[in-house]
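Asker: After the structure tokens below, expect a handful of questions from me.
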Amino acid sequence: MTPTTDANGIYAIQANDLNVFYSDFHAVKNVDLKIEKNKITALIGPSGCGKSTVLRCFNRMNDLIPTARIQGDVLFHGKNIYDVDVDPVQVRRRIGMVFQKPNPFPKSIYDNVAWGAKINGFKGSLDQLVEESLRGAALWDEVRNKLDANGYSLSGGQQQRLCIARALAVKPDIILMDEPTSALDPIASLRIEELMIELAKEYTIIVVTHNMQQAARVSDYTAFFTVDENRTGYLEEFGVTSELFTMPGSKITEDYITGRFG
Amino acid sequence: MTKNASFPEGQDLNRFIKRRQQKGVIWRSLFLLATTIGVVALMILLITIIDDSMGYVAIQYKVEPDDLVIGFYQGMALDAPNVQTSNDMAWLADAIAGDANAVGLLDETGYQARADALQAIDVTDAPLHDVVVVASKDNSWAQNISSLELMNLFAVTENWSDVRDGWPDAPIRRYLPAPDSPALHTFIAQTYGDNPATQPTEALLAMLVQHVSAGKMRQLIDEKPLAARTREEYVDLITEQVLAPTVAATWSLFDSIFHAETVMAEAAQIPRAQVQFHRWITWDFITSPQSSKPEFAGVRTAILGSLWVVFITLIFSVPVGIGAAIYLEEYGSGGRLDQFIENNINNLAGVPSIIYGMLGLAVFVRALEPLTSGSLFELANPTTANGRTILAAGLTLGLLILPIIIINAREAIRSVPRAFREASYGLGATQWQTIWYHVLPNAIPGILTGSILAISRAFGETAPLVVVGASTAIFMDPSGPFSKFTTLPIQIYQWTSRPQAAFQNLAAAAIIVLLALLLALNAIAVILRNKYQRSY
């Protein structure tokens with residue numbers, strides 16, 4: 001995928017009429033979502049509303065689930081990433097991901113960061129790239145003297161920043177974050193949030209979060225998902241975060257953000 | 001009615017809790033009993049084996065070792081020039097006293113009786129007891145001699161000057177007690193010893209020539225020229241060909257320790273039997289080839305056979321098993337066909353091993369005979385070649401443990417956290433890169449552990465090899481995949497079915513060797529597992 005023109009305009013990625021099925025179960029229906037460049041977009045909603053499923057559609061992570069089936073388009077650089085001529089490897093190379101539970105490889109800190117670059121044919125100086133990525137993830141000062149140490153010797157928050165550094169090392173356009181702070185303590189969570197705001201200067205970030213305060217603190221846009229009576233998730237409301245939280249457009253959104261359900 | 005009326009209170013509560021705790025105590029004792037049964041069974045097994053692996057044995061020799069040595073040197077002494085023998089000590093003493101060139105051997109009393117006319121010759125480095133080497137008072141030279149000079153004095157030497165320079169050039173006249181007399185025995189036993197194992201090579205060769213037929217001697221020379229044999233090999237030859245010990249009876253370790261007197265009484269009933277304590281498991285036992293005589297049989301042939309078979313099993317089943325596991329775990333779609341394959345593999349792991357033996361016989365021994373016999377590669381003599389080879393056995397055992405390896409490897413692959421796969425894919429890795437860099441490295445300890453345990457199962461397997469055609473009596477070490485073979489379990493099986501008691505002891509010793517090898521394999525598996533303990 002070598003885009004020549006920026007067909008999506010100010011949007012980094014957009015979903016058009018996206019439907020996801022797991023076998024016969026209709027998990028998510030009719031999602032239209034436009035993600036603006038260099039902004040943080042938060043996906044919130046009650047458990048089982050399909051927000052993680054939608055997130056995983058953006059880098060074809062759902063392909064790993066044999067029963068998953070996707071309908072609709074996800075346009076990235078003007079190209080539907082679900083077209084038959086698109087290799088998911090290409091997509092994931094451009095759209096990085098940070099997971100709920102920190103999952104460094106059981107390797108050294110250095111190798112954790114360098115590996116993705118290596119397999120993607122990186123030709124430059126690895127040392128430089130590793131330093132740059134670790135600085136980008138605000139981890140460099142803490143690990144500069146123990147790059148050979150196993151990734152699992154770090155604390156939970158440090159591990160998660162290592163995973164972010166690992167994602168940065170392949171120079172993605174977009175970083176997807178699937179509840180990146182849910183396994184961390186409040187202080188470590190706060191550092192990740194600060195980091196996200198810092199990263200948004202260069203990257204487009206889509207973050208799934210259970211924590212509404214977090215969404216309110218860090219995100220520019222918020223998409224609120226909920227479920228219908230068939231437990232199928234759908235996008236209830238999407239808008240600028242400050243507006244959505246102060247003047248929700250629908251009753252359901254209001255109930256959710258004021259804590260009346262979910 | 002109080003609010004807790006439905007629950008027991010006060011005394012009732014205490015009793016109720018006590019009853020619930022008692023139930024736990026009963027279960028705990030049952031579990032302890034179960035563990036104890038297992039441990040006791042294992043102990044009994046070990047004790048039974050060890051009980052058989054050492055103890056008293058009664059050995060009958062065709063020629064007694066001391067008779068062989070003493071007979072040989074007595075013959076040498078009597079064949080020397082100028083020998084006179086007599087049973088009459090007084091006559092010997094007189095004869096020596098009257099001749100300055102005489103030397104002789106008297107017992108202590110015989111010497112004391114004529115001490116006035118005789119002088120005792122002292123052997124400086126190994127004084128004699130109960131017998132005295134004497135010369136006439138007229139002999140002015142022979143005083144103190146070394147044991148080597150003593151040997152020469154009563155051997156083929158002609159003159160006194162042959163024994164030591166400076167002694168007269170006169171013939172030695174020797175006076176010895178009669179053949180087989182106690183005095184002569186005592187003298188030879190003290191001078192030369194009575195153990196064949198300590199004799200010099202030349203003496204051993206001479207003994208061999210004396211006792212072995214000319215035809216047998218030619219056969220031995222054909223096997224290996226005499227000059228090329230070491231002293232130890234001569235000792236072995238003497239033991240096998242001349243002494244020819246046979247085990248007439250054996251006793252268990254328990255009897256040997258606690259009923260030693262009964263053992264001795266029983267042994268006394270056996271003519272010409274020598275009782276000695278014997279450990280059946282010795283270094284010789286491990287390094288000696290198979291033999292039809294239990295006294296000389298060892299397990300080298302069987303150990304080498306086992307190692308060869310297991311090696312073939314390993315190089316066949318481990319790569320195939322891991323490959324199949326990777327396919328099923330990582331590439332298989334989980335569809336109907338995959339389900340079918342999976343069920344089959346699980347069922348195959350439970351098929352009795354004898355059935356694999358039938359399969360091996362039909363496929364590897366018969367159908368693929370040109371391949372398994374080696375005749376396809378012109379590596380075997382086509383007239384005698386057959387498919388009952390190490391290769392056929394190794395492949396059969398390979399099939400036997402293949403399902404186990406696949407199941408274990410799948411388990412190991414599946415236990416690699418999904419998070420690693422997702423992280424890898426998330427960075428833009430291909431499926432193969434994910435498998436190669438993350439799944440396999442993290443699964444390898446588990447795969448190795450499973451494979452080693454499967455291999456140790458193959459190591460102890462007997463039934464399929466009986467069907468495939470392990471040789472029961474084979475005396476040649478296996479030399480390659482196309483050799484005939486036997487394995488340790490087969491060897492044990494064969495020995496236990498022999499009527500002679502000594503083979504039962506050999507079987508016990510071989511079982512200890514087999515157990516030691518199996519435990520070593522399992523220990524490697526444990527060490528690997530601990531070494532690569534998960535860091536995540």
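Residues are named by chain letter and number: chains run A, B, ... in the order of the structure tokens, numbers start at 1 in each chain, and ligands are numbered from 1 in the order shown.
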Using the chain letters and numbers from this document, which residues of region 185-368 of chain B does DSSP assign to helix (DSSP H, G or I), as a PyMOL selection string?

Answerer: chain B and resi 185-192+196-198+201-211+214-223+226-228+231-243+253-258+260-268+283-287+300-331+336-348+353-367

Asker: Using only C-alpha atoms, I'd like a table of the residues in chain B that come within 7 Å of chain A; for each, show the closest atom pair and its distance in Å rounded to one decimal, ordered by chain and ascending number, as CSV.

Answerer:
```
residue,atom,partner,partner_atom,distance
B:Ala419,CA,A:Asn103,CA,6.0
B:Phe420,CA,A:Phe105,CA,6.4
B:Ala423,CA,A:Asn103,CA,7.0
B:Gly426,CA,A:Arg92,CA,5.6
B:Leu427,CA,A:Gly116,CA,5.6
B:Gly428,CA,A:Arg93,CA,4.3
B:Ala429,CA,A:Val89,CA,6.4
B:Thr430,CA,A:Val89,CA,6.3
B:Ser535,CA,A:Pro106,CA,6.8
B:Tyr536,CA,A:Tyr152,CA,6.2
```

Asker: So how far away is CA of Ile257 (chain A) from CA of Asn230 (chain A), in Å?

Answerer: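 For CA of Asn230 (chain A) relative to CA of Ile257 (chain A), the distance reads 22.3 Å.
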
Asker: List the neighbours of Thr209 (chain A) out to 10 Å using only C-alpha atoms; skip same-chain residues closer than 4 positions along the sequence, and give me the result as a PyMOL selection string.

Answerer: chain A and resi 42-46+51-52+100+177-182+213-215

Asker: Emit the selected residues as a short mmCIF file (atom, residue, chain, number, x, y, z; two decimals), in the first residue's frame, including all heavy atoms.

Answerer:
```cif
data_model
loop_
_atom_site.label_atom_id
_atom_site.label_comp_id
_atom_site.auth_asym_id
_atom_site.auth_seq_id
_atom_site.Cartn_x
_atom_site.Cartn_y
_atom_site.Cartn_z
N ALA A 42 -11.33 8.69 21.78
CA ALA A 42 -11.60 7.67 22.79
C ALA A 42 -12.85 6.90 22.41
O ALA A 42 -13.84 7.50 21.97
CB ALA A 42 -11.78 8.32 24.15
N LEU A 43 -12.81 5.57 22.55
CA LEU A 43 -13.99 4.74 22.37
C LEU A 43 -14.43 4.30 23.76
O LEU A 43 -13.67 3.64 24.47
CB LEU A 43 -13.69 3.52 21.50
CG LEU A 43 -12.92 3.73 20.19
CD1 LEU A 43 -12.85 2.42 19.40
CD2 LEU A 43 -13.56 4.81 19.32
N ILE A 44 -15.65 4.71 24.16
CA ILE A 44 -16.14 4.32 25.48
C ILE A 44 -17.48 3.60 25.35
O ILE A 44 -18.07 3.58 24.26
CB ILE A 44 -16.30 5.54 26.42
CG1 ILE A 44 -17.35 6.52 25.87
CG2 ILE A 44 -14.97 6.24 26.62
CD1 ILE A 44 -17.74 7.60 26.85
N GLY A 45 -17.89 3.01 26.43
CA GLY A 45 -19.16 2.30 26.42
C GLY A 45 -19.15 1.17 27.41
O GLY A 45 -18.09 0.80 27.92
N PRO A 46 -20.34 0.60 27.72
CA PRO A 46 -20.42 -0.49 28.69
C PRO A 46 -19.74 -1.75 28.17
O PRO A 46 -19.45 -1.87 26.98
CB PRO A 46 -21.93 -0.71 28.86
CG PRO A 46 -22.53 -0.19 27.61
CD PRO A 46 -21.67 0.93 27.16
N LYS A 51 -16.63 -2.00 21.55
CA LYS A 51 -15.64 -0.96 21.27
C LYS A 51 -14.27 -1.54 20.95
O LYS A 51 -13.59 -1.07 20.05
CB LYS A 51 -15.56 0.05 22.43
CG LYS A 51 -15.33 -0.57 23.80
CD LYS A 51 -15.62 0.45 24.89
CE LYS A 51 -15.18 -0.05 26.25
NZ LYS A 51 -15.90 -1.29 26.68
N SER A 52 -13.88 -2.61 21.67
CA SER A 52 -12.60 -3.24 21.36
C SER A 52 -12.65 -3.91 19.99
O SER A 52 -11.67 -3.90 19.24
CB SER A 52 -12.26 -4.29 22.41
OG SER A 52 -11.78 -3.66 23.57
N GLN A 100 -4.15 -4.30 26.36
CA GLN A 100 -4.68 -4.06 27.70
C GLN A 100 -3.67 -4.43 28.78
O GLN A 100 -3.36 -3.63 29.65
CB GLN A 100 -5.95 -4.91 27.85
CG GLN A 100 -6.64 -4.72 29.15
CD GLN A 100 -8.01 -5.39 29.12
OE1 GLN A 100 -8.41 -5.97 28.11
NE2 GLN A 100 -8.71 -5.31 30.22
N MET A 177 -4.87 1.84 21.04
CA MET A 177 -4.61 1.44 22.43
C MET A 177 -5.87 0.82 23.00
O MET A 177 -6.91 1.46 23.06
CB MET A 177 -4.19 2.64 23.26
CG MET A 177 -2.88 3.25 22.81
SD MET A 177 -2.35 4.53 23.94
CE MET A 177 -0.75 4.94 23.25
N ASP A 178 -5.74 -0.45 23.44
CA ASP A 178 -6.90 -1.18 23.94
C ASP A 178 -6.85 -1.19 25.46
O ASP A 178 -6.19 -2.03 26.06
CB ASP A 178 -6.88 -2.60 23.37
CG ASP A 178 -8.17 -3.33 23.64
OD1 ASP A 178 -9.04 -2.75 24.33
OD2 ASP A 178 -8.31 -4.46 23.16
N GLU A 179 -7.54 -0.26 26.08
CA GLU A 179 -7.52 -0.12 27.54
C GLU A 179 -6.10 -0.18 28.10
O GLU A 179 -5.78 -1.07 28.90
CB GLU A 179 -8.40 -1.20 28.19
CG GLU A 179 -9.84 -1.11 27.74
CD GLU A 179 -10.74 -2.02 28.57
OE1 GLU A 179 -10.48 -2.13 29.77
OE2 GLU A 179 -11.67 -2.58 28.00
N PRO A 180 -5.24 0.72 27.69
CA PRO A 180 -3.81 0.59 28.01
C PRO A 180 -3.50 0.76 29.49
O PRO A 180 -2.42 0.40 29.93
CB PRO A 180 -3.17 1.71 27.20
CG PRO A 180 -4.24 2.72 27.04
CD PRO A 180 -5.53 1.95 26.95
N THR A 181 -4.40 1.32 30.28
CA THR A 181 -4.06 1.57 31.69
C THR A 181 -4.88 0.73 32.64
O THR A 181 -4.77 0.87 33.84
CB THR A 181 -4.28 3.05 32.04
OG1 THR A 181 -5.68 3.34 31.89
CG2 THR A 181 -3.49 3.96 31.16
N SER A 182 -5.71 -0.18 32.12
CA SER A 182 -6.63 -0.88 33.03
C SER A 182 -5.89 -1.82 33.97
O SER A 182 -6.43 -2.19 35.00
CB SER A 182 -7.68 -1.64 32.22
OG SER A 182 -7.08 -2.67 31.49
N GLN A 213 -13.31 9.31 33.14
CA GLN A 213 -12.46 10.46 33.47
C GLN A 213 -11.26 10.50 32.55
O GLN A 213 -10.83 11.55 32.10
CB GLN A 213 -11.99 10.40 34.92
CG GLN A 213 -13.04 10.74 35.95
CD GLN A 213 -14.02 9.59 36.16
OE1 GLN A 213 -13.72 8.44 35.84
NE2 GLN A 213 -15.20 9.92 36.66
N GLN A 214 -10.72 9.33 32.28
CA GLN A 214 -9.57 9.26 31.39
C GLN A 214 -9.94 9.79 30.00
O GLN A 214 -9.23 10.61 29.42
CB GLN A 214 -9.06 7.83 31.29
CG GLN A 214 -7.79 7.71 30.47
CD GLN A 214 -7.26 6.29 30.54
OE1 GLN A 214 -7.89 5.38 30.01
NE2 GLN A 214 -6.14 6.12 31.20
N ALA A 215 -11.08 9.31 29.49
CA ALA A 215 -11.53 9.77 28.18
C ALA A 215 -11.69 11.29 28.19
O ALA A 215 -11.24 11.99 27.27
CB ALA A 215 -12.85 9.10 27.81
#
```

Asker: Pick out each residue of region 75-322 of chain B that DSSP on the backbone tags as strand (DSSP E); I need them as a ChimeraX atom specification.

Answerer: /B:83-86,102-107,118-120,122-123,131-136,144-145,173-177,246-250,273-279

Asker: Applying 10 Å and only C-alpha atoms, which residues near region 156-158 of chain B remain after dropping the ones on its own chain fewer than 4 positions away? List them as a ChimeraX atom specification.

Answerer: /B:76-82,151-152,162-163,169-173

Asker: If you count only C-alpha atoms, which residues fall within 12 Å of region 131-135 of chain A, apart from same-chain ones fewer than 3 positions away, as a PyMOL selection string?

Answerer: chain A and resi 109-114+116-117+125-128+138-145+147+158-172+195+198-199

Asker: Could you pull the residues within 7 Å of Val20 (chain A), counting only C-alpha atoms, minus those fewer than 2 positions along the same chain, as a ChimeraX atom specification?

Answerer: /A:18,22,26-29,69-71

Asker: Keeping only N, CA, C and O atoms, take the residues you just selected and write them out as an mmCIF file, in the first residue's frame.

Answerer:
```
data_model
loop_
_atom_site.group_PDB
_atom_site.id
_atom_site.type_symbol
_atom_site.label_atom_id
_atom_site.label_comp_id
_atom_site.auth_asym_id
_atom_site.auth_seq_id
_atom_site.Cartn_x
_atom_site.Cartn_y
_atom_site.Cartn_z
ATOM 1 N N LEU A 18 -19.652 -0.274 9.126
ATOM 2 C CA LEU A 18 -18.896 -1.459 9.549
ATOM 3 C C LEU A 18 -19.795 -2.392 10.364
ATOM 4 O O LEU A 18 -20.469 -1.963 11.296
ATOM 5 N N TYR A 22 -19.327 -12.628 14.850
ATOM 6 C CA TYR A 22 -18.563 -13.785 15.318
ATOM 7 C C TYR A 22 -19.472 -14.979 15.078
ATOM 8 O O TYR A 22 -20.480 -15.134 15.774
ATOM 9 N N HIS A 26 -24.084 -11.254 15.743
ATOM 10 C CA HIS A 26 -23.834 -9.928 15.173
ATOM 11 C C HIS A 26 -23.255 -9.053 16.287
ATOM 12 O O HIS A 26 -23.980 -8.600 17.170
ATOM 13 N N ALA A 27 -21.962 -8.829 16.258
ATOM 14 C CA ALA A 27 -21.303 -8.184 17.399
ATOM 15 C C ALA A 27 -21.426 -6.671 17.337
ATOM 16 O O ALA A 27 -21.680 -6.011 18.342
ATOM 17 N N VAL A 28 -21.226 -6.117 16.145
ATOM 18 C CA VAL A 28 -21.250 -4.659 16.000
ATOM 19 C C VAL A 28 -21.993 -4.344 14.706
ATOM 20 O O VAL A 28 -21.814 -5.035 13.699
ATOM 21 N N LYS A 29 -22.858 -3.311 14.746
ATOM 22 C CA LYS A 29 -23.600 -3.026 13.516
ATOM 23 C C LYS A 29 -23.436 -1.560 13.089
ATOM 24 O O LYS A 29 -23.347 -0.656 13.934
ATOM 25 N N ARG A 69 -16.065 -12.192 11.063
ATOM 26 C CA ARG A 69 -16.386 -11.851 9.683
ATOM 27 C C ARG A 69 -16.703 -10.350 9.683
ATOM 28 O O ARG A 69 -17.421 -9.859 10.567
ATOM 29 N N ILE A 70 -16.157 -9.633 8.722
ATOM 30 C CA ILE A 70 -16.325 -8.182 8.716
ATOM 31 C C ILE A 70 -16.998 -7.727 7.419
ATOM 32 O O ILE A 70 -16.620 -8.167 6.328
ATOM 33 N N GLN A 71 -17.997 -6.865 7.553
ATOM 34 C CA GLN A 71 -18.634 -6.245 6.384
ATOM 35 C C GLN A 71 -18.436 -4.748 6.482
ATOM 36 O O GLN A 71 -18.371 -4.192 7.578
#
```

Asker: Grab the CA of Phe459 (chain B) to CA of Ala325 (chain B) distance for me, in Å with one decimal place.

Answerer: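 Straight-line distance from CA of Phe459 (chain B) to CA of Ala325 (chain B) works out to 22.5 Å.
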
Asker: If you count only C-alpha atoms, which residues fall within 12 Å of region 338-340 of chain B, apart from same-chain ones fewer than 4 positions away, as a count of residues only?

Answerer: 14
